[in-house]
>>> print(open('run_34.cif').read())   # mmCIF, N, CA and C atoms
data_protein
#
loop_
_atom_site.group_PDB
_atom_site.id
_atom_site.type_symbol
_atom_site.label_atom_id
_atom_site.label_comp_id
_atom_site.auth_asym_id
_atom_site.auth_seq_id
_atom_site.Cartn_x
_atom_site.Cartn_y
_atom_site.Cartn_z
ATOM 1 N N MET L 1 0.831 -1.184 0.000
ATOM 2 C CA MET L 1 0.000 0.000 0.000
ATOM 3 C C MET L 1 0.876 1.249 0.000
ATOM 4 N N PHE L 2 1.847 1.286 0.903
ATOM 5 C CA PHE L 2 2.744 2.437 0.971
ATOM 6 C C PHE L 2 3.586 2.548 -0.308
ATOM 7 N N LYS L 3 3.964 1.366 -0.828
ATOM 8 C CA LYS L 3 4.750 1.327 -2.063
ATOM 9 C C LYS L 3 3.945 1.919 -3.230
ATOM 10 N N ASP L 4 2.682 1.555 -3.340
ATOM 11 C CA ASP L 4 1.814 2.104 -4.397
ATOM 12 C C ASP L 4 1.628 3.603 -4.242
ATOM 13 N N PHE L 5 1.529 4.052 -3.013
ATOM 14 C CA PHE L 5 1.384 5.482 -2.747
ATOM 15 C C PHE L 5 2.612 6.258 -3.227
ATOM 16 N N LEU L 6 3.805 5.739 -2.935
ATOM 17 C CA LEU L 6 5.034 6.406 -3.379
ATOM 18 C C LEU L 6 5.159 6.384 -4.907
ATOM 19 N N ARG L 7 4.746 5.267 -5.511
ATOM 20 C CA ARG L 7 4.796 5.180 -6.982
ATOM 21 C C ARG L 7 3.883 6.226 -7.616
ATOM 22 N N SER L 8 2.739 6.472 -7.036
ATOM 23 C CA SER L 8 1.812 7.445 -7.605
ATOM 24 C C SER L 8 2.290 8.875 -7.368
ATOM 25 N N ILE L 9 2.958 9.124 -6.269
ATOM 26 C CA ILE L 9 3.452 10.480 -5.994
ATOM 27 C C ILE L 9 4.633 10.829 -6.897
ATOM 28 N N PHE L 10 5.560 9.902 -7.018
ATOM 29 C CA PHE L 10 6.768 10.180 -7.800
ATOM 30 C C PHE L 10 6.620 9.837 -9.283
ATOM 31 N N LEU L 11 5.445 9.409 -9.691
ATOM 32 C CA LEU L 11 5.136 9.116 -11.102
ATOM 33 C C LEU L 11 6.155 8.165 -11.729
ATOM 34 N N VAL L 12 6.418 7.084 -11.054
ATOM 35 C CA VAL L 12 7.398 6.097 -11.499
ATOM 36 C C VAL L 12 6.980 5.491 -12.835
ATOM 37 N N ASP L 13 5.716 5.136 -12.978
ATOM 38 C CA ASP L 13 5.252 4.518 -14.222
ATOM 39 C C ASP L 13 5.379 5.489 -15.390
ATOM 40 N N LEU L 14 5.105 6.755 -15.157
ATOM 41 C CA LEU L 14 5.252 7.754 -16.205
ATOM 42 C C LEU L 14 6.718 7.886 -16.615
ATOM 43 N N ALA L 15 7.607 7.893 -15.646
ATOM 44 C CA ALA L 15 9.039 7.999 -15.940
ATOM 45 C C ALA L 15 9.527 6.778 -16.711
ATOM 46 N N LYS L 16 9.039 5.574 -16.351
ATOM 47 C CA LYS L 16 9.417 4.360 -17.081
ATOM 48 C C LYS L 16 8.928 4.414 -18.529
ATOM 49 N N GLY L 17 7.711 4.869 -18.714
ATOM 50 C CA GLY L 17 7.170 4.982 -20.073
ATOM 51 C C GLY L 17 7.927 6.002 -20.899
ATOM 52 N N LEU L 18 8.261 7.120 -20.283
ATOM 53 C CA LEU L 18 9.028 8.151 -20.981
ATOM 54 C C LEU L 18 10.407 7.635 -21.354
ATOM 55 N N TRP L 19 11.054 6.919 -20.442
ATOM 56 C CA TRP L 19 12.373 6.354 -20.730
ATOM 57 C C TRP L 19 12.294 5.352 -21.883
ATOM 58 N N LEU L 20 11.280 4.515 -21.893
ATOM 59 C CA LEU L 20 11.110 3.546 -22.957
ATOM 60 C C LEU L 20 10.903 4.249 -24.302
ATOM 61 N N THR L 21 10.120 5.303 -24.310
ATOM 62 C CA THR L 21 9.896 6.069 -25.536
ATOM 63 C C THR L 21 11.188 6.697 -26.033
ATOM 64 N N LEU L 22 11.936 7.305 -25.154
ATOM 65 C CA LEU L 22 13.184 7.947 -25.554
ATOM 66 C C LEU L 22 14.237 6.928 -25.994
ATOM 67 N N LYS L 23 14.188 5.754 -25.412
ATOM 68 C CA LYS L 23 15.146 4.705 -25.762
ATOM 69 C C LYS L 23 14.955 4.242 -27.206
ATOM 70 N N TYR L 24 13.725 4.171 -27.657
ATOM 71 C CA TYR L 24 13.429 3.698 -29.006
ATOM 72 C C TYR L 24 13.160 4.816 -30.003
ATOM 73 N N THR L 25 13.496 6.019 -29.659
ATOM 74 C CA THR L 25 13.307 7.129 -30.587
ATOM 75 C C THR L 25 14.249 6.941 -31.772
ATOM 76 N N PRO L 26 13.744 7.024 -32.978
ATOM 77 C CA PRO L 26 14.597 6.795 -34.149
ATOM 78 C C PRO L 26 15.593 7.934 -34.359
ATOM 79 N N GLN L 27 16.484 7.692 -35.274
ATOM 80 C CA GLN L 27 17.462 8.704 -35.649
ATOM 81 C C GLN L 27 16.724 9.910 -36.231
ATOM 82 N N PRO L 28 17.383 11.047 -36.306
ATOM 83 C CA PRO L 28 16.723 12.231 -36.867
ATOM 84 C C PRO L 28 16.212 11.968 -38.289
ATOM 85 N N ALA L 29 15.050 12.475 -38.567
ATOM 86 C CA ALA L 29 14.437 12.276 -39.873
ATOM 87 C C ALA L 29 15.138 13.146 -40.908
ATOM 88 N N PHE L 30 15.091 12.690 -42.135
ATOM 89 C CA PHE L 30 15.635 13.496 -43.222
ATOM 90 C C PHE L 30 14.488 13.825 -44.162
ATOM 91 N N THR L 31 14.600 14.934 -44.828
ATOM 92 C CA THR L 31 13.538 15.417 -45.699
ATOM 93 C C THR L 31 14.112 15.731 -47.068
ATOM 94 N N PHE L 32 13.431 15.263 -48.106
ATOM 95 C CA PHE L 32 13.789 15.626 -49.463
ATOM 96 C C PHE L 32 13.034 16.897 -49.821
ATOM 97 N N GLN L 33 13.712 17.857 -50.384
ATOM 98 C CA GLN L 33 13.080 19.106 -50.795
ATOM 99 C C GLN L 33 12.532 18.923 -52.211
ATOM 100 N N TYR L 34 11.433 18.156 -52.308
ATOM 101 C CA TYR L 34 10.824 17.871 -53.594
ATOM 102 C C TYR L 34 10.244 19.139 -54.184
ATOM 103 N N PRO L 35 10.391 19.457 -55.425
ATOM 104 C CA PRO L 35 10.963 18.709 -56.533
ATOM 105 C C PRO L 35 12.436 19.010 -56.797
ATOM 106 N N SER L 36 13.059 19.920 -56.076
ATOM 107 C CA SER L 36 14.463 20.214 -56.375
ATOM 108 C C SER L 36 15.369 19.048 -56.007
ATOM 109 N N GLU L 37 15.042 18.292 -54.961
ATOM 110 C CA GLU L 37 15.780 17.083 -54.609
ATOM 111 C C GLU L 37 14.851 15.904 -54.820
ATOM 112 N N ARG L 38 15.344 14.883 -55.474
ATOM 113 C CA ARG L 38 14.530 13.698 -55.718
ATOM 114 C C ARG L 38 15.113 12.510 -54.986
ATOM 115 N N ARG L 39 14.251 11.642 -54.548
ATOM 116 C CA ARG L 39 14.672 10.413 -53.880
ATOM 117 C C ARG L 39 15.302 9.488 -54.912
ATOM 118 N N GLN L 40 16.370 8.808 -54.539
ATOM 119 C CA GLN L 40 17.045 7.914 -55.463
ATOM 120 C C GLN L 40 16.215 6.648 -55.634
ATOM 121 N N VAL L 41 16.028 6.228 -56.858
ATOM 122 C CA VAL L 41 15.230 5.041 -57.145
ATOM 123 C C VAL L 41 16.150 3.921 -57.612
ATOM 124 N N ALA L 42 15.632 2.715 -57.595
ATOM 125 C CA ALA L 42 16.394 1.560 -58.049
ATOM 126 C C ALA L 42 16.732 1.710 -59.526
ATOM 127 N N PRO L 43 17.886 1.224 -59.950
ATOM 128 C CA PRO L 43 18.286 1.410 -61.354
ATOM 129 C C PRO L 43 17.345 0.747 -62.353
ATOM 130 N N ARG L 44 16.624 -0.307 -61.939
ATOM 131 C CA ARG L 44 15.726 -0.982 -62.881
ATOM 132 C C ARG L 44 14.283 -0.489 -62.784
ATOM 133 N N PHE L 45 14.025 0.558 -62.033
ATOM 134 C CA PHE L 45 12.659 1.071 -61.866
ATOM 135 C C PHE L 45 12.146 1.637 -63.177
ATOM 136 N N ARG L 46 10.947 1.255 -63.564
ATOM 137 C CA ARG L 46 10.364 1.709 -64.834
ATOM 138 C C ARG L 46 9.029 2.414 -64.652
ATOM 139 N N GLY L 47 8.722 2.829 -63.450
ATOM 140 C CA GLY L 47 7.460 3.518 -63.222
ATOM 141 C C GLY L 47 6.405 2.570 -62.698
ATOM 142 N N VAL L 48 5.195 3.046 -62.592
ATOM 143 C CA VAL L 48 4.092 2.242 -62.072
ATOM 144 C C VAL L 48 3.578 1.334 -63.179
ATOM 145 N N LEU L 49 3.495 0.060 -62.893
ATOM 146 C CA LEU L 49 3.020 -0.902 -63.889
ATOM 147 C C LEU L 49 1.518 -1.069 -63.771
ATOM 148 N N ARG L 50 0.860 -1.103 -64.901
ATOM 149 C CA ARG L 50 -0.594 -1.304 -64.926
ATOM 150 C C ARG L 50 -0.939 -2.285 -66.030
ATOM 151 N N LEU L 51 -1.924 -3.112 -65.773
ATOM 152 C CA LEU L 51 -2.388 -4.037 -66.800
ATOM 153 C C LEU L 51 -3.376 -3.337 -67.713
ATOM 154 N N GLN L 52 -3.420 -3.784 -68.949
ATOM 155 C CA GLN L 52 -4.359 -3.242 -69.917
ATOM 156 C C GLN L 52 -5.768 -3.690 -69.548
ATOM 157 N N VAL L 53 -6.737 -2.828 -69.740
ATOM 158 C CA VAL L 53 -8.129 -3.129 -69.391
ATOM 159 C C VAL L 53 -8.939 -3.302 -70.663
ATOM 160 N N GLU L 54 -9.677 -4.414 -70.730
ATOM 161 C CA GLU L 54 -10.551 -4.674 -71.878
ATOM 162 C C GLU L 54 -11.715 -3.692 -71.851
ATOM 163 N N PRO L 55 -12.013 -3.038 -72.957
ATOM 164 C CA PRO L 55 -13.060 -2.008 -72.953
ATOM 165 C C PRO L 55 -14.456 -2.523 -72.607
ATOM 166 N N GLY L 56 -14.846 -3.674 -73.100
ATOM 167 C CA GLY L 56 -16.206 -4.154 -72.869
ATOM 168 C C GLY L 56 -16.417 -4.750 -71.491
ATOM 169 N N THR L 57 -15.483 -5.588 -71.066
ATOM 170 C CA THR L 57 -15.679 -6.336 -69.829
ATOM 171 C C THR L 57 -15.005 -5.691 -68.624
ATOM 172 N N GLY L 58 -13.996 -4.897 -68.856
ATOM 173 C CA GLY L 58 -13.258 -4.286 -67.757
ATOM 174 C C GLY L 58 -12.232 -5.223 -67.146
ATOM 175 N N ALA L 59 -12.027 -6.391 -67.791
ATOM 176 C CA ALA L 59 -11.055 -7.357 -67.288
ATOM 177 C C ALA L 59 -9.640 -6.881 -67.593
ATOM 178 N N GLN L 60 -8.725 -7.163 -66.686
ATOM 179 C CA GLN L 60 -7.337 -6.779 -66.900
ATOM 180 C C GLN L 60 -6.626 -7.888 -67.669
ATOM 181 N N THR L 61 -5.856 -7.490 -68.673
ATOM 182 C CA THR L 61 -5.217 -8.441 -69.555
ATOM 183 C C THR L 61 -3.727 -8.167 -69.663
ATOM 184 N N CYS L 62 -2.929 -9.211 -69.557
ATOM 185 C CA CYS L 62 -1.490 -9.085 -69.767
ATOM 186 C C CYS L 62 -1.240 -9.072 -71.270
ATOM 187 N N ILE L 63 -0.505 -8.079 -71.751
ATOM 188 C CA ILE L 63 -0.216 -7.986 -73.180
ATOM 189 C C ILE L 63 1.243 -8.341 -73.474
ATOM 190 N N VAL L 64 1.918 -8.921 -72.506
ATOM 191 C CA VAL L 64 3.302 -9.363 -72.607
ATOM 192 C C VAL L 64 4.180 -8.215 -73.101
ATOM 193 N N CYS L 65 4.067 -7.084 -72.405
ATOM 194 C CA CYS L 65 4.875 -5.922 -72.767
ATOM 195 C C CYS L 65 6.272 -6.003 -72.157
ATOM 196 N N ASP L 66 6.488 -6.955 -71.245
ATOM 197 C CA ASP L 66 7.781 -7.228 -70.629
ATOM 198 C C ASP L 66 8.203 -6.155 -69.632
ATOM 199 N N GLN L 67 7.316 -5.228 -69.279
ATOM 200 C CA GLN L 67 7.671 -4.188 -68.320
ATOM 201 C C GLN L 67 7.857 -4.750 -66.916
ATOM 202 N N CYS L 68 7.066 -5.745 -66.530
ATOM 203 C CA CYS L 68 7.227 -6.313 -65.191
ATOM 204 C C CYS L 68 8.554 -7.056 -65.080
ATOM 205 N N ALA L 69 8.992 -7.703 -66.154
ATOM 206 C CA ALA L 69 10.285 -8.387 -66.137
ATOM 207 C C ALA L 69 11.424 -7.383 -66.054
ATOM 208 N N LYS L 70 11.272 -6.242 -66.704
ATOM 209 C CA LYS L 70 12.310 -5.209 -66.648
ATOM 210 C C LYS L 70 12.367 -4.552 -65.276
ATOM 211 N N ALA L 71 11.226 -4.448 -64.603
ATOM 212 C CA ALA L 71 11.176 -3.781 -63.305
ATOM 213 C C ALA L 71 11.559 -4.704 -62.159
ATOM 214 N N CYS L 72 11.573 -6.009 -62.382
ATOM 215 C CA CYS L 72 11.897 -6.950 -61.314
ATOM 216 C C CYS L 72 13.369 -6.805 -60.942
ATOM 217 N N PRO L 73 13.675 -6.435 -59.703
ATOM 218 C CA PRO L 73 15.063 -6.182 -59.340
ATOM 219 C C PRO L 73 15.930 -7.432 -59.317
ATOM 220 N N ASP L 74 15.345 -8.609 -59.173
ATOM 221 C CA ASP L 74 16.137 -9.834 -59.081
ATOM 222 C C ASP L 74 16.084 -10.685 -60.335
ATOM 223 N N ASP L 75 15.527 -10.166 -61.403
ATOM 224 C CA ASP L 75 15.383 -10.904 -62.668
ATOM 225 C C ASP L 75 14.668 -12.238 -62.478
ATOM 226 N N LEU L 76 13.616 -12.248 -61.686
ATOM 227 C CA LEU L 76 12.867 -13.469 -61.431
ATOM 228 C C LEU L 76 11.741 -13.687 -62.438
ATOM 229 N N ILE L 77 11.353 -12.650 -63.155
ATOM 230 C CA ILE L 77 10.213 -12.749 -64.070
ATOM 231 C C ILE L 77 10.726 -12.858 -65.497
ATOM 232 N N SER L 78 10.239 -13.850 -66.216
ATOM 233 C CA SER L 78 10.504 -13.930 -67.651
ATOM 234 C C SER L 78 9.181 -14.278 -68.325
ATOM 235 N N LEU L 79 8.935 -13.652 -69.441
ATOM 236 C CA LEU L 79 7.650 -13.824 -70.120
ATOM 237 C C LEU L 79 7.850 -14.399 -71.503
ATOM 238 N N GLY L 80 6.857 -15.096 -71.941
ATOM 239 C CA GLY L 80 6.813 -15.586 -73.314
ATOM 240 C C GLY L 80 5.386 -15.456 -73.782
ATOM 241 N N GLY L 81 5.197 -14.929 -74.930
ATOM 242 C CA GLY L 81 3.841 -14.727 -75.408
ATOM 243 C C GLY L 81 3.706 -15.103 -76.868
ATOM 244 N N ILE L 82 2.493 -15.325 -77.269
ATOM 245 C CA ILE L 82 2.194 -15.646 -78.664
ATOM 246 C C ILE L 82 1.318 -14.532 -79.207
ATOM 247 N N ALA L 83 1.733 -13.973 -80.324
ATOM 248 C CA ALA L 83 0.932 -12.929 -80.959
ATOM 249 C C ALA L 83 -0.201 -13.581 -81.737
ATOM 250 N N ARG L 84 -1.419 -13.228 -81.368
ATOM 251 C CA ARG L 84 -2.591 -13.747 -82.071
ATOM 252 C C ARG L 84 -3.257 -12.589 -82.811
ATOM 253 N N PRO L 85 -3.746 -12.833 -83.991
ATOM 254 C CA PRO L 85 -4.470 -11.755 -84.676
ATOM 255 C C PRO L 85 -5.741 -11.422 -83.929
ATOM 256 N N ALA L 86 -6.100 -10.167 -83.948
ATOM 257 C CA ALA L 86 -7.305 -9.721 -83.240
ATOM 258 C C ALA L 86 -8.520 -10.367 -83.899
ATOM 259 N N SER L 87 -9.404 -10.894 -83.070
ATOM 260 C CA SER L 87 -10.615 -11.527 -83.612
ATOM 261 C C SER L 87 -11.650 -10.442 -83.880
ATOM 262 N N ARG L 88 -12.188 -10.482 -85.068
ATOM 263 C CA ARG L 88 -13.206 -9.504 -85.449
ATOM 264 C C ARG L 88 -14.555 -10.187 -85.486
ATOM 265 N N SER L 89 -15.517 -9.583 -84.886
ATOM 266 C CA SER L 89 -16.862 -10.167 -84.938
ATOM 267 C C SER L 89 -17.588 -9.593 -86.127
ATOM 268 N N SER L 90 -18.293 -10.453 -86.822
ATOM 269 C CA SER L 90 -19.043 -9.994 -87.987
ATOM 270 C C SER L 90 -20.353 -9.374 -87.533
ATOM 271 N N ALA L 91 -20.647 -8.229 -88.097
ATOM 272 C CA ALA L 91 -21.861 -7.522 -87.681
ATOM 273 C C ALA L 91 -22.885 -7.508 -88.754
#
>>> encode(input="run_34.cif", output="structure tokens")
Amino acid sequence: MFKDFLRSIFLVDLAKGLWLTLKYTPQPAFTFQYPSERRQVAPRFRGVLRLQVEPGTGAQTCIVCDQCAKACPDDLISLGGIARPASRSSA
């Protein structure tokens, strides 16, 4: 009882929490002054990759453009595709 009273007066738990927070405080943050300074990107970065969308159905289709293979940093992706003539529906 007396021990709890002293802990509440001297705010021991608050001091422990503050010490824990300060102990794990990260290194000072750095800021890029965008757009004059740009963040360095990976040498194989090719931008945001998006799949082609079919106009009628909205389904995403791979057109074997090889952009994902070029953007893969570990060269894990390789593609092979077959060119098919576009099917035309008779109207």
>>> atom_distance(input="run_34.cif", atom1="atom C of Asp75 in chain L", atom2="CA of Thr61 in chain L")
21.4 Å
>>> resolve_selection(input="run_34.cif", expression="the PyMOL selection byres (((chain L and resi 65 and name CA) around 12) and name CA)", output="PyMOL selection string")
chain L and resi 49-52+61-64+66-71+78-83
>>> select_by_dssp(input="run_34.cif", residues="chain L", states="helix (DSSP H, G or I)", output="ChimeraX atom specification")
/L:2-10,12-23,67-71
>>> atom_distance(input="run_34.cif", atom1="CA of Ala42 in chain L", atom2="atom N of Pro73 in chain L")
8.6 Å
>>> select_by_dssp(input="run_34.cif", residues="chain L", states="strand (DSSP E)", output="list in words")
Gln52, Val53, Gln60 and Thr61 of chain L
>>> axis_aligned_box(input="run_34.cif", around="range 5-15 of chain L", padding_each_side="3 Å", output="JSON")
{"center_x": 5.5, "center_y": 7.4, "center_z": -9.7, "size_x": 14.1, "size_y": 12.8, "size_z": 20.0}
>>> atom_distance(input="run_34.cif", atom1="CA of Phe30 in chain L", atom2="CA of Gly17 in chain L")
26.1 Å
>>> decode(input="run_34.cif", residues="range 10-38 of chain L", atoms="N, CA, C and O atoms", output="PDB file, in the first residue's frame")
ATOM      1  N   PHE L  10       5.560   9.902  -7.018  1.00  0.00           N
ATOM      2  CA  PHE L  10       6.768  10.180  -7.800  1.00  0.00           C
ATOM      3  C   PHE L  10       6.620   9.837  -9.283  1.00  0.00           C
ATOM      4  O   PHE L  10       7.584   9.960 -10.045  1.00  0.00           O
ATOM      5  N   LEU L  11       5.445   9.409  -9.691  1.00  0.00           N
ATOM      6  CA  LEU L  11       5.136   9.116 -11.102  1.00  0.00           C
ATOM      7  C   LEU L  11       6.155   8.165 -11.729  1.00  0.00           C
ATOM      8  O   LEU L  11       6.688   8.394 -12.806  1.00  0.00           O
ATOM      9  N   VAL L  12       6.418   7.084 -11.054  1.00  0.00           N
ATOM     10  CA  VAL L  12       7.398   6.097 -11.499  1.00  0.00           C
ATOM     11  C   VAL L  12       6.980   5.491 -12.835  1.00  0.00           C
ATOM     12  O   VAL L  12       7.804   5.347 -13.744  1.00  0.00           O
ATOM     13  N   ASP L  13       5.716   5.136 -12.978  1.00  0.00           N
ATOM     14  CA  ASP L  13       5.252   4.518 -14.222  1.00  0.00           C
ATOM     15  C   ASP L  13       5.379   5.489 -15.390  1.00  0.00           C
ATOM     16  O   ASP L  13       5.720   5.088 -16.505  1.00  0.00           O
ATOM     17  N   LEU L  14       5.105   6.755 -15.157  1.00  0.00           N
ATOM     18  CA  LEU L  14       5.252   7.754 -16.205  1.00  0.00           C
ATOM     19  C   LEU L  14       6.718   7.886 -16.615  1.00  0.00           C
ATOM     20  O   LEU L  14       7.037   7.958 -17.800  1.00  0.00           O
ATOM     21  N   ALA L  15       7.607   7.893 -15.646  1.00  0.00           N
ATOM     22  CA  ALA L  15       9.039   7.999 -15.940  1.00  0.00           C
ATOM     23  C   ALA L  15       9.527   6.778 -16.711  1.00  0.00           C
ATOM     24  O   ALA L  15      10.308   6.902 -17.655  1.00  0.00           O
ATOM     25  N   LYS L  16       9.039   5.574 -16.351  1.00  0.00           N
ATOM     26  CA  LYS L  16       9.417   4.360 -17.081  1.00  0.00           C
ATOM     27  C   LYS L  16       8.928   4.414 -18.529  1.00  0.00           C
ATOM     28  O   LYS L  16       9.649   4.054 -19.456  1.00  0.00           O
ATOM     29  N   GLY L  17       7.711   4.869 -18.714  1.00  0.00           N
ATOM     30  CA  GLY L  17       7.170   4.982 -20.073  1.00  0.00           C
ATOM     31  C   GLY L  17       7.927   6.002 -20.899  1.00  0.00           C
ATOM     32  O   GLY L  17       8.204   5.783 -22.072  1.00  0.00           O
ATOM     33  N   LEU L  18       8.261   7.120 -20.283  1.00  0.00           N
ATOM     34  CA  LEU L  18       9.028   8.151 -20.981  1.00  0.00           C
ATOM     35  C   LEU L  18      10.407   7.635 -21.354  1.00  0.00           C
ATOM     36  O   LEU L  18      10.900   7.877 -22.456  1.00  0.00           O
ATOM     37  N   TRP L  19      11.054   6.919 -20.442  1.00  0.00           N
ATOM     38  CA  TRP L  19      12.373   6.354 -20.730  1.00  0.00           C
ATOM     39  C   TRP L  19      12.294   5.352 -21.883  1.00  0.00           C
ATOM     40  O   TRP L  19      13.139   5.338 -22.764  1.00  0.00           O
ATOM     41  N   LEU L  20      11.280   4.515 -21.893  1.00  0.00           N
ATOM     42  CA  LEU L  20      11.110   3.546 -22.957  1.00  0.00           C
ATOM     43  C   LEU L  20      10.903   4.249 -24.302  1.00  0.00           C
ATOM     44  O   LEU L  20      11.469   3.855 -25.323  1.00  0.00           O
ATOM     45  N   THR L  21      10.120   5.303 -24.310  1.00  0.00           N
ATOM     46  CA  THR L  21       9.896   6.069 -25.536  1.00  0.00           C
ATOM     47  C   THR L  21      11.188   6.697 -26.033  1.00  0.00           C
ATOM     48  O   THR L  21      11.511   6.618 -27.224  1.00  0.00           O
ATOM     49  N   LEU L  22      11.936   7.305 -25.154  1.00  0.00           N
ATOM     50  CA  LEU L  22      13.184   7.947 -25.554  1.00  0.00           C
ATOM     51  C   LEU L  22      14.237   6.928 -25.994  1.00  0.00           C
ATOM     52  O   LEU L  22      15.054   7.212 -26.864  1.00  0.00           O
ATOM     53  N   LYS L  23      14.188   5.754 -25.412  1.00  0.00           N
ATOM     54  CA  LYS L  23      15.146   4.705 -25.762  1.00  0.00           C
ATOM     55  C   LYS L  23      14.955   4.242 -27.206  1.00  0.00           C
ATOM     56  O   LYS L  23      15.917   3.948 -27.906  1.00  0.00           O
ATOM     57  N   TYR L  24      13.725   4.171 -27.657  1.00  0.00           N
ATOM     58  CA  TYR L  24      13.429   3.698 -29.006  1.00  0.00           C
ATOM     59  C   TYR L  24      13.160   4.816 -30.003  1.00  0.00           C
ATOM     60  O   TYR L  24      12.639   4.572 -31.080  1.00  0.00           O
ATOM     61  N   THR L  25      13.496   6.019 -29.659  1.00  0.00           N
ATOM     62  CA  THR L  25      13.307   7.129 -30.587  1.00  0.00           C
ATOM     63  C   THR L  25      14.249   6.941 -31.772  1.00  0.00           C
ATOM     64  O   THR L  25      15.431   6.710 -31.587  1.00  0.00           O
ATOM     65  N   PRO L  26      13.744   7.024 -32.978  1.00  0.00           N
ATOM     66  CA  PRO L  26      14.597   6.795 -34.149  1.00  0.00           C
ATOM     67  C   PRO L  26      15.593   7.934 -34.359  1.00  0.00           C
ATOM     68  O   PRO L  26      15.530   8.979 -33.713  1.00  0.00           O
ATOM     69  N   GLN L  27      16.484   7.692 -35.274  1.00  0.00           N
ATOM     70  CA  GLN L  27      17.462   8.704 -35.649  1.00  0.00           C
ATOM     71  C   GLN L  27      16.724   9.910 -36.231  1.00  0.00           C
ATOM     72  O   GLN L  27      15.574   9.812 -36.641  1.00  0.00           O
ATOM     73  N   PRO L  28      17.383  11.047 -36.306  1.00  0.00           N
ATOM     74  CA  PRO L  28      16.723  12.231 -36.867  1.00  0.00           C
ATOM     75  C   PRO L  28      16.212  11.968 -38.289  1.00  0.00           C
ATOM     76  O   PRO L  28      16.868  11.293 -39.075  1.00  0.00           O
ATOM     77  N   ALA L  29      15.050  12.475 -38.567  1.00  0.00           N
ATOM     78  CA  ALA L  29      14.437  12.276 -39.873  1.00  0.00           C
ATOM     79  C   ALA L  29      15.138  13.146 -40.908  1.00  0.00           C
ATOM     80  O   ALA L  29      15.703  14.183 -40.593  1.00  0.00           O
ATOM     81  N   PHE L  30      15.091  12.690 -42.135  1.00  0.00           N
ATOM     82  CA  PHE L  30      15.635  13.496 -43.222  1.00  0.00           C
ATOM     83  C   PHE L  30      14.488  13.825 -44.162  1.00  0.00           C
ATOM     84  O   PHE L  30      13.523  13.084 -44.275  1.00  0.00           O
ATOM     85  N   THR L  31      14.600  14.934 -44.828  1.00  0.00           N
ATOM     86  CA  THR L  31      13.538  15.417 -45.699  1.00  0.00           C
ATOM     87  C   THR L  31      14.112  15.731 -47.068  1.00  0.00           C
ATOM     88  O   THR L  31      15.152  16.367 -47.179  1.00  0.00           O
ATOM     89  N   PHE L  32      13.431  15.263 -48.106  1.00  0.00           N
ATOM     90  CA  PHE L  32      13.789  15.626 -49.463  1.00  0.00           C
ATOM     91  C   PHE L  32      13.034  16.897 -49.821  1.00  0.00           C
ATOM     92  O   PHE L  32      11.835  17.006 -49.558  1.00  0.00           O
ATOM     93  N   GLN L  33      13.712  17.857 -50.384  1.00  0.00           N
ATOM     94  CA  GLN L  33      13.080  19.106 -50.795  1.00  0.00           C
ATOM     95  C   GLN L  33      12.532  18.923 -52.211  1.00  0.00           C
ATOM     96  O   GLN L  33      13.093  19.409 -53.184  1.00  0.00           O
ATOM     97  N   TYR L  34      11.433  18.156 -52.308  1.00  0.00           N
ATOM     98  CA  TYR L  34      10.824  17.871 -53.594  1.00  0.00           C
ATOM     99  C   TYR L  34      10.244  19.139 -54.184  1.00  0.00           C
ATOM    100  O   TYR L  34       9.679  19.925 -53.462  1.00  0.00           O
ATOM    101  N   PRO L  35      10.391  19.457 -55.425  1.00  0.00           N
ATOM    102  CA  PRO L  35      10.963  18.709 -56.533  1.00  0.00           C
ATOM    103  C   PRO L  35      12.436  19.010 -56.797  1.00  0.00           C
ATOM    104  O   PRO L  35      13.024  18.414 -57.689  1.00  0.00           O
ATOM    105  N   SER L  36      13.059  19.920 -56.076  1.00  0.00           N
ATOM    106  CA  SER L  36      14.463  20.214 -56.375  1.00  0.00           C
ATOM    107  C   SER L  36      15.369  19.048 -56.007  1.00  0.00           C
ATOM    108  O   SER L  36      16.370  18.817 -56.668  1.00  0.00           O
ATOM    109  N   GLU L  37      15.042  18.292 -54.961  1.00  0.00           N
ATOM    110  CA  GLU L  37      15.780  17.083 -54.609  1.00  0.00           C
ATOM    111  C   GLU L  37      14.851  15.904 -54.820  1.00  0.00           C
ATOM    112  O   GLU L  37      13.716  15.913 -54.392  1.00  0.00           O
ATOM    113  N   ARG L  38      15.344  14.883 -55.474  1.00  0.00           N
ATOM    114  CA  ARG L  38      14.530  13.698 -55.718  1.00  0.00           C
ATOM    115  C   ARG L  38      15.113  12.510 -54.986  1.00  0.00           C
ATOM    116  O   ARG L  38      16.318  12.392 -54.845  1.00  0.00           O
TER     117      ARG L  38
END
